[in-house]
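Participant: First the structure, then my questions, so here it is.
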Amino acid sequence: MTRPTPDPTAPGGRTLVRLRDLGVRYGTSWALRDFDLDIDRGDIVAVIGPNGGGKSTLLKTILGLVPPSAGSVAFPAGPLRLGYVPQHLAYDTSFPLTVGEFLTVNHPGRSLWFGGTGRRQRNEITGTLERLAIAGLLGQTLGTLSGGQFQRVLVAAALLQQPDLLLLDEPSSSVDRRGSDDLRGILGELHRATSLAVLFVSHDLHFVSHLATKVCCLNQTCCAVGDPATVLNEHLLERTYGTAPYRWRSFEPAAAS
Amino acid sequence: MTLAEIWSYDFMRHALISAAILGPTCALLGVFVTLRGMAFFSDSLAHSAVTGVALGFLLQEKTGLGIDPMLVVLVFSVALASLMAWLFHRTSLRPDTVIAFSFTGSVALGVVIIAWLEQYRLLDGILFGSIYANGPGDILRQSILAVIVLGFLLLQMRPLTLSTLHPELARTRGIRTGLLNYIFAILIAATVVVSLRMLGALLLSALIVIPAAAAKLVSGSFAAMLLVSAAIGLVVPFAGVVASCQLDLPTGPTIVLANVAALILCYAGKLLVTRTQTEPQP
């Protein structure tokens, strides 16, 4: 007797997000069209492409912030918990919110007043900060943090949602090379420890090549999808970015990191 | 005059109780008003009360129905706040543009109605208020408002804080920011209307904005900002009422000047602490 092949789209299956013929229109112009992508458990999917290519729109559509104008966004494995790390947190830096308070208001647990946070919530917050090596920032206000520290705090806030899928918008854009490497290390370690699925958009091909297990080239529509070694070549990058041959020669496989 | 003597007069006692209720309520709401950049929103609602009062008087005079003018002011201000919140949310108009035309348009309409009714004396009461005109009915209204505002802040502290910091992030956490903004705008309108008798339309936003601004200067956390703002909101209007009585000064402006003094003190304190911390050690 042969065992039936598990259906990856069944509830509890491998596929977390299934995008089919997805289109998003702002007014009369399409930001995204005819887009297909599957995000499976354990995937680290990078979306690359030029400015205005629909990368952030794709994230916002999955997050439910922007409704699709065509096609579908399905969650075959059932409703997902999503953790989102925005690109820029444009906020009043004189807002005296401490890291602890910021994480408390981000915590999905309920409490009338954040002064009355329960012990379990407090432990989860300190545990997440320790995991990201920023436990010392708990009492610091957000406005005093460096770009790299702030980025980690945003990742911590997303992780508190206990996400099935972590979505990051340009995670390496506001940090220097060292900060970018640190963040890549953290995400890689999280992925190894928890098989967390990750979807991020980025212009930083070094970051992409060292972290992603799957790369999607997006310029309003999907130009190519595959593993980094296949997709990150001059021909496909030129097709995606629509410019003269892209000087990209420093590809190293993710396993090297 | 001693505090006991002041307390022995009904009108003074009512004024002090009103100050103790409305001061912290406005100050706590003011924390979110200032952080959301809505100081002029509350100011424009206070000024638009001119129209609400004029409409209330018009209805009372012309229909003889005995409608409470304050109820008309409340309905008008809530409707205007909802309209402005809708315009912020649904159009590409900048908030300061929406506030500018709502503010000037509603005040102009109010003045036209007052001129038509030839009731210019109404303007004096609306613009400067009269805290000593407070009666037990006003205190009851103010207490109900305080319970509603504090209850809302307590129950919605987390969503309100996150949506104040970053609305998009708040939406990804499942917070209905649009609904929250509407409720918040309506609460500001209700607070403005109920507090109108205390300071009047011209000075009222001081009660909302200044305690929060002063607290922000000296607070190292959001919880501290809320507590310091509420403390300033409780102590300063109370002190303002007593000082105006002792020095025979107009009460509303004295409360505002006491708030400004608190702001200056907080700023001076912050400067002093910063200078002490940055001074080179011998």
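FYI, nothing fancy with the structure tokens labels: chains A, B, ... in order, residues from 1 per chain, ligands from 1 as they appear.
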Taking a cut-off of 10 Å and counting only C-alpha atoms, can you build a table that, for each residue of chain A near chain B, reports the nearest atom pair and how far apart they are in Å (one decimal), sorted by chain then residue number, as a Markdown table?
Facilitator:
| residue | atom | partner | partner_atom | distance |
| --- | --- | --- | --- | --- |
| A:Lys60 | CA | B:Thr172 | CA | 8.9 |
| A:Leu63 | CA | B:Thr172 | CA | 6.3 |
| A:Gly64 | CA | B:Thr172 | CA | 7.6 |
| A:Leu65 | CA | B:Thr172 | CA | 7.1 |
| A:Arg81 | CA | B:Arg173 | CA | 9.6 |
| A:Leu82 | CA | B:Thr172 | CA | 8.1 |
| A:Gly83 | CA | B:Thr172 | CA | 8.2 |
| A:Tyr84 | CA | B:Thr172 | CA | 7.1 |
| A:Val85 | CA | B:Leu169 | CA | 8.2 |
| A:Pro86 | CA | B:Leu169 | CA | 7.3 |
| A:His88 | CA | B:His166 | CA | 9.9 |
| A:Leu89 | CA | B:His166 | CA | 6.8 |
| A:Ala90 | CA | B:His166 | CA | 7.4 |
| A:Tyr91 | CA | B:Leu165 | CA | 5.9 |
| A:Asp92 | CA | B:Leu165 | CA | 7.6 |
| A:Thr93 | CA | B:Leu165 | CA | 9.7 |
| A:Ser94 | CA | B:Lys216 | CA | 8.0 |
| A:Phe95 | CA | B:Leu35 | CA | 7.0 |
| A:Pro96 | CA | B:Ser221 | CA | 4.9 |
| A:Leu97 | CA | B:Phe222 | CA | 4.8 |
| A:Thr98 | CA | B:Ser221 | CA | 5.6 |
| A:Val99 | CA | B:Ser221 | CA | 9.3 |
| A:Gly100 | CA | B:Ser221 | CA | 9.5 |
| A:Glu101 | CA | B:Phe222 | CA | 7.4 |
| A:Phe102 | CA | B:Leu162 | CA | 7.7 |
| A:Leu103 | CA | B:Leu162 | CA | 9.8 |
| A:Thr104 | CA | B:Arg158 | CA | 7.9 |
| A:Val105 | CA | B:Arg158 | CA | 4.7 |
| A:Asn106 | CA | B:Leu162 | CA | 7.2 |
| A:His107 | CA | B:Arg158 | CA | 8.9 |
| A:Pro108 | CA | B:Arg173 | CA | 7.9 |
| A:Arg110 | CA | B:Arg158 | CA | 8.9 |
| A:Ser111 | CA | B:Leu155 | CA | 8.2 |
| A:Leu112 | CA | B:Leu155 | CA | 5.2 |
| A:Trp113 | CA | B:Leu154 | CA | 5.9 |
| A:Phe114 | CA | B:Arg158 | CA | 7.1 |
| A:Gly115 | CA | B:Ala223 | CA | 7.5 |
| A:Gly139 | CA | B:Ser221 | CA | 8.1 |
| A:Gln140 | CA | B:Gly220 | CA | 8.3 |
| A:Thr141 | CA | B:Ser221 | CA | 6.8 |
| A:Leu142 | CA | B:Ser221 | CA | 9.8 |
| A:Ala158 | CA | B:Arg173 | CA | 9.4 |
| A:Gln161 | CA | B:Arg173 | CA | 8.5 |
Participant: Store the residues of this selection in a file with C-alpha atoms, as a short mmCIF file (atom, residue, chain, number, x, y, z; two decimals), in the first residue's frame.
Facilitator:
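Saved to selection-v7.cif:
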data_model
loop_
_atom_site.label_atom_id
_atom_site.label_comp_id
_atom_site.auth_asym_id
_atom_site.auth_seq_id
_atom_site.Cartn_x
_atom_site.Cartn_y
_atom_site.Cartn_z
CA LYS A 60 1.20 45.51 1.68
CA LEU A 63 -0.48 42.18 4.88
CA GLY A 64 -4.00 43.19 3.83
CA LEU A 65 -3.18 46.91 3.79
CA ARG A 81 0.20 35.18 11.99
CA LEU A 82 2.23 37.82 10.17
CA GLY A 83 5.12 39.82 11.58
CA TYR A 84 5.92 43.02 9.71
CA VAL A 85 9.08 45.12 9.84
CA PRO A 86 8.48 48.40 7.97
CA HIS A 88 11.07 53.49 7.71
CA LEU A 89 9.35 54.23 10.95
CA ALA A 90 8.81 57.93 10.33
CA TYR A 91 7.83 59.13 13.77
CA ASP A 92 8.36 62.04 16.12
CA THR A 93 11.74 61.18 17.70
CA SER A 94 10.91 63.33 20.72
CA PHE A 95 8.04 60.91 21.53
CA PRO A 96 9.40 59.56 24.85
CA LEU A 97 8.40 55.94 24.21
CA THR A 98 10.89 53.45 25.64
CA VAL A 99 11.81 50.21 23.88
CA GLY A 100 9.97 48.30 26.62
CA GLU A 101 6.82 50.40 26.13
CA PHE A 102 7.04 50.09 22.34
CA LEU A 103 7.26 46.31 22.57
CA THR A 104 4.45 46.20 25.11
CA VAL A 105 2.06 48.10 22.84
CA ASN A 106 3.10 45.73 20.04
CA HIS A 107 2.48 42.62 22.10
CA PRO A 108 -0.58 40.73 20.85
CA ARG A 110 -4.34 41.98 26.03
CA SER A 111 -3.82 44.31 28.93
CA LEU A 112 -5.80 47.37 29.95
CA TRP A 113 -2.78 49.50 30.53
CA PHE A 114 0.79 48.75 29.69
CA GLY A 115 1.85 49.47 33.25
CA GLY A 139 14.62 51.39 29.18
CA GLN A 140 16.02 53.52 26.36
CA THR A 141 13.70 55.80 24.38
CA LEU A 142 13.28 55.04 20.67
CA ALA A 158 7.48 41.58 14.73
CA GLN A 161 3.52 38.31 17.09
#
Participant: Neighbours of Ile21 of chain B within 8 Å (only C-alpha atoms; same-chain residues fewer than 6 positions away dropped), as a PyMOL selection string?
Facilitator: chain B and resi 142-143+146+234
Participant: Only C-alpha atoms, please: the residues just picked out, written as a PDB file, in the first residue's frame.
Facilitator:
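What follows is the written file result24.pdb:
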ATOM      1  CA  GLN B 142     -17.869  67.090  33.417  1.00  0.00           C
ATOM      2  CA  SER B 143     -17.694  63.972  35.599  1.00  0.00           C
ATOM      3  CA  ALA B 146     -14.034  62.409  32.543  1.00  0.00           C
ATOM      4  CA  LEU B 234      -4.595  68.648  38.263  1.00  0.00           C
TER       5      LEU B 234
END
Participant: So which residues touch Thr104 of chain B within 9 Å, counting only C-alpha atoms, skipping near sequence neighbours fewer than 5 positions away, as a PyMOL selection string?
Facilitator: chain B and resi 44+47-48+99+109
Participant: Taking 3 positions as the minimum chain separation for residues in the same chain, which residues sit within 10 Å of segment 164-169 of chain A when counting only C-alpha atoms? Answer as a count of residues only.
Facilitator: 44
Participant: Segment 205-209 of chain B: which residues within 7 Å, counting only C-alpha atoms, same-chain residues fewer than 2 positions away excluded, as a list in words?
Facilitator: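 Returned residues: Gly23, Cys26, Ala27, Leu29, Gly30, Thr34, Ala39, Ser42, Asp43, Leu203, Pro211, Ala212, Ala213 and Val256 of chain B.
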Participant: Taking N, CA and C atoms for each residue, export the selection above as a compact mmCIF listing (two decimals), in the first residue's frame.
Facilitator:
# COMPACT_ATOMS: atom_id res chain seq x y z
N GLY B 23 -9.10 69.48 34.41
CA GLY B 23 -7.66 69.65 34.21
C GLY B 23 -6.96 68.35 33.82
N CYS B 26 -8.35 66.84 30.36
CA CYS B 26 -7.83 67.53 29.17
C CYS B 26 -6.34 67.21 29.00
N ALA B 27 -5.59 67.16 30.13
CA ALA B 27 -4.14 66.95 30.05
C ALA B 27 -3.81 65.56 29.51
N LEU B 29 -5.81 63.64 27.60
CA LEU B 29 -6.19 63.64 26.18
C LEU B 29 -5.15 64.42 25.38
N GLY B 30 -4.63 65.48 26.01
CA GLY B 30 -3.64 66.35 25.36
C GLY B 30 -2.36 65.63 25.00
N THR B 34 -1.12 66.24 21.30
CA THR B 34 0.16 66.83 20.91
C THR B 34 1.01 65.85 20.10
N ALA B 39 -2.92 69.75 17.80
CA ALA B 39 -3.17 70.89 18.69
C ALA B 39 -4.13 71.89 18.05
N SER B 42 -7.88 70.74 18.00
CA SER B 42 -8.68 71.04 19.20
C SER B 42 -8.97 72.53 19.28
N ASP B 43 -7.99 73.35 18.87
CA ASP B 43 -8.19 74.81 18.89
C ASP B 43 -9.33 75.21 17.95
N LEU B 203 -9.02 80.36 24.92
CA LEU B 203 -7.94 79.88 25.79
C LEU B 203 -7.96 78.37 26.04
N PRO B 211 -0.06 71.21 29.35
CA PRO B 211 0.44 70.19 30.30
C PRO B 211 1.20 69.06 29.60
N ALA B 212 0.69 68.63 28.45
CA ALA B 212 1.36 67.54 27.72
C ALA B 212 2.71 68.00 27.19
N ALA B 213 2.75 69.24 26.67
CA ALA B 213 4.02 69.77 26.15
C ALA B 213 5.04 69.89 27.26
N VAL B 256 -4.38 79.92 32.35
CA VAL B 256 -3.50 79.75 31.18
C VAL B 256 -2.08 80.20 31.52
Participant: If you run DSSP on the backbone, which residues of segment 68-116 of chain A are strand (DSSP E or B), as number ranges by chain?
Facilitator: A: 70-74, 82-85, 98
Participant: Fewer than 5 positions away in the same chain doesn't count, so skip those; otherwise give me all residues within 10 Å of Asp182 of chain A, counting only C-alpha atoms, as a PyMOL selection string.
Facilitator: chain A and resi 132+148+152+172+175-177+187-188
Participant: Would you kindly return, as a count of residues only, each protein, DNA or RNA residue with an atom no farther than 6 Å from any atom of Leu218 of chain A, considering only C-alpha atoms and excluding same-chain residues fewer than 4 positions away?
Facilitator: 4
Participant: Taking only C-alpha atoms into account, which of B:Ile114, B:Ile188, B:Val241, B:Leu28 comes nearest Leu150 of chain B?
Facilitator: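 Using only C-alpha atoms, Leu150 of chain B sits closest to B:Leu28.
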Participant: DSSP on the backbone, alpha helix (DSSP H) only: what residues of segment 2-159 of chain A does that give? Format it as a VMD selection string.
Facilitator: chain A and resid 55 to 63 99 to 106 119 to 131 147 to 159
Participant: Residues as selected, C-alpha atoms, written as a tab-separated table (two decimals), in the first residue's frame, can you do that?
Facilitator:
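Once everything was written out, this is out.tsv:
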chain	number	residue	atom	x	y	z
A	55	LYS	CA	7.87	45.41	-4.16
A	56	SER	CA	6.34	47.31	-1.24
A	57	THR	CA	2.88	46.98	-2.81
A	58	LEU	CA	3.35	43.21	-2.80
A	59	LEU	CA	4.13	43.21	0.93
A	60	LYS	CA	1.20	45.51	1.68
A	61	THR	CA	-1.15	43.29	-0.30
A	62	ILE	CA	-0.10	40.19	1.65
A	63	LEU	CA	-0.48	42.18	4.88
A	99	VAL	CA	11.81	50.21	23.88
A	100	GLY	CA	9.97	48.30	26.62
A	101	GLU	CA	6.82	50.40	26.13
A	102	PHE	CA	7.04	50.09	22.34
A	103	LEU	CA	7.26	46.31	22.57
A	104	THR	CA	4.45	46.20	25.11
A	105	VAL	CA	2.06	48.10	22.84
A	106	ASN	CA	3.10	45.73	20.04
A	119	ARG	CA	4.62	38.48	33.89
A	120	ARG	CA	4.31	36.19	30.86
A	121	GLN	CA	4.24	39.16	28.49
A	122	ARG	CA	7.22	40.75	30.25
A	123	ASN	CA	9.17	37.49	30.00
A	124	GLU	CA	8.38	37.19	26.30
A	125	ILE	CA	9.57	40.75	25.71
A	126	THR	CA	12.83	40.35	27.62
A	127	GLY	CA	13.37	36.91	26.04
A	128	THR	CA	12.97	38.35	22.53
A	129	LEU	CA	15.34	41.22	23.31
A	130	GLU	CA	17.93	38.80	24.70
A	131	ARG	CA	17.61	36.65	21.59
A	147	GLY	CA	19.69	52.77	12.96
A	148	GLY	CA	20.90	49.22	13.61
A	149	GLN	CA	19.49	49.11	17.15
A	150	PHE	CA	16.17	50.46	15.95
A	151	GLN	CA	16.04	47.87	13.18
A	152	ARG	CA	16.50	45.09	15.76
A	153	VAL	CA	13.78	46.57	17.95
A	154	LEU	CA	11.42	46.49	14.95
A	155	VAL	CA	12.35	42.84	14.33
A	156	ALA	CA	11.69	42.12	18.03
A	157	ALA	CA	8.26	43.77	17.75
A	158	ALA	CA	7.48	41.58	14.73
A	159	LEU	CA	8.71	38.42	16.47
Participant: To one decimal place in Å, what is the distance between atom CA of Gly137 of chain B and atom CA of Val31 of chain B?
Facilitator: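 Distance between the two atoms: 27.7 Å.
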Participant: Measure the distance from atom CA of Ala261 of chain B to atom CA of Ile232 of chain B in Å and round it to one decimal.
Facilitator: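 Atom CA of Ile232 of chain B lies 11.0 Å from atom CA of Ala261 of chain B.
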Participant: Could you check the closest approach to His14 of chain B for each of B:Ile144, B:Ile126, B:Met198, B:Met70 and tell me which residue wins, using only C-alpha atoms?
Facilitator: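 Counting only C-alpha atoms, the residue closest to His14 of chain B is B:Met198.
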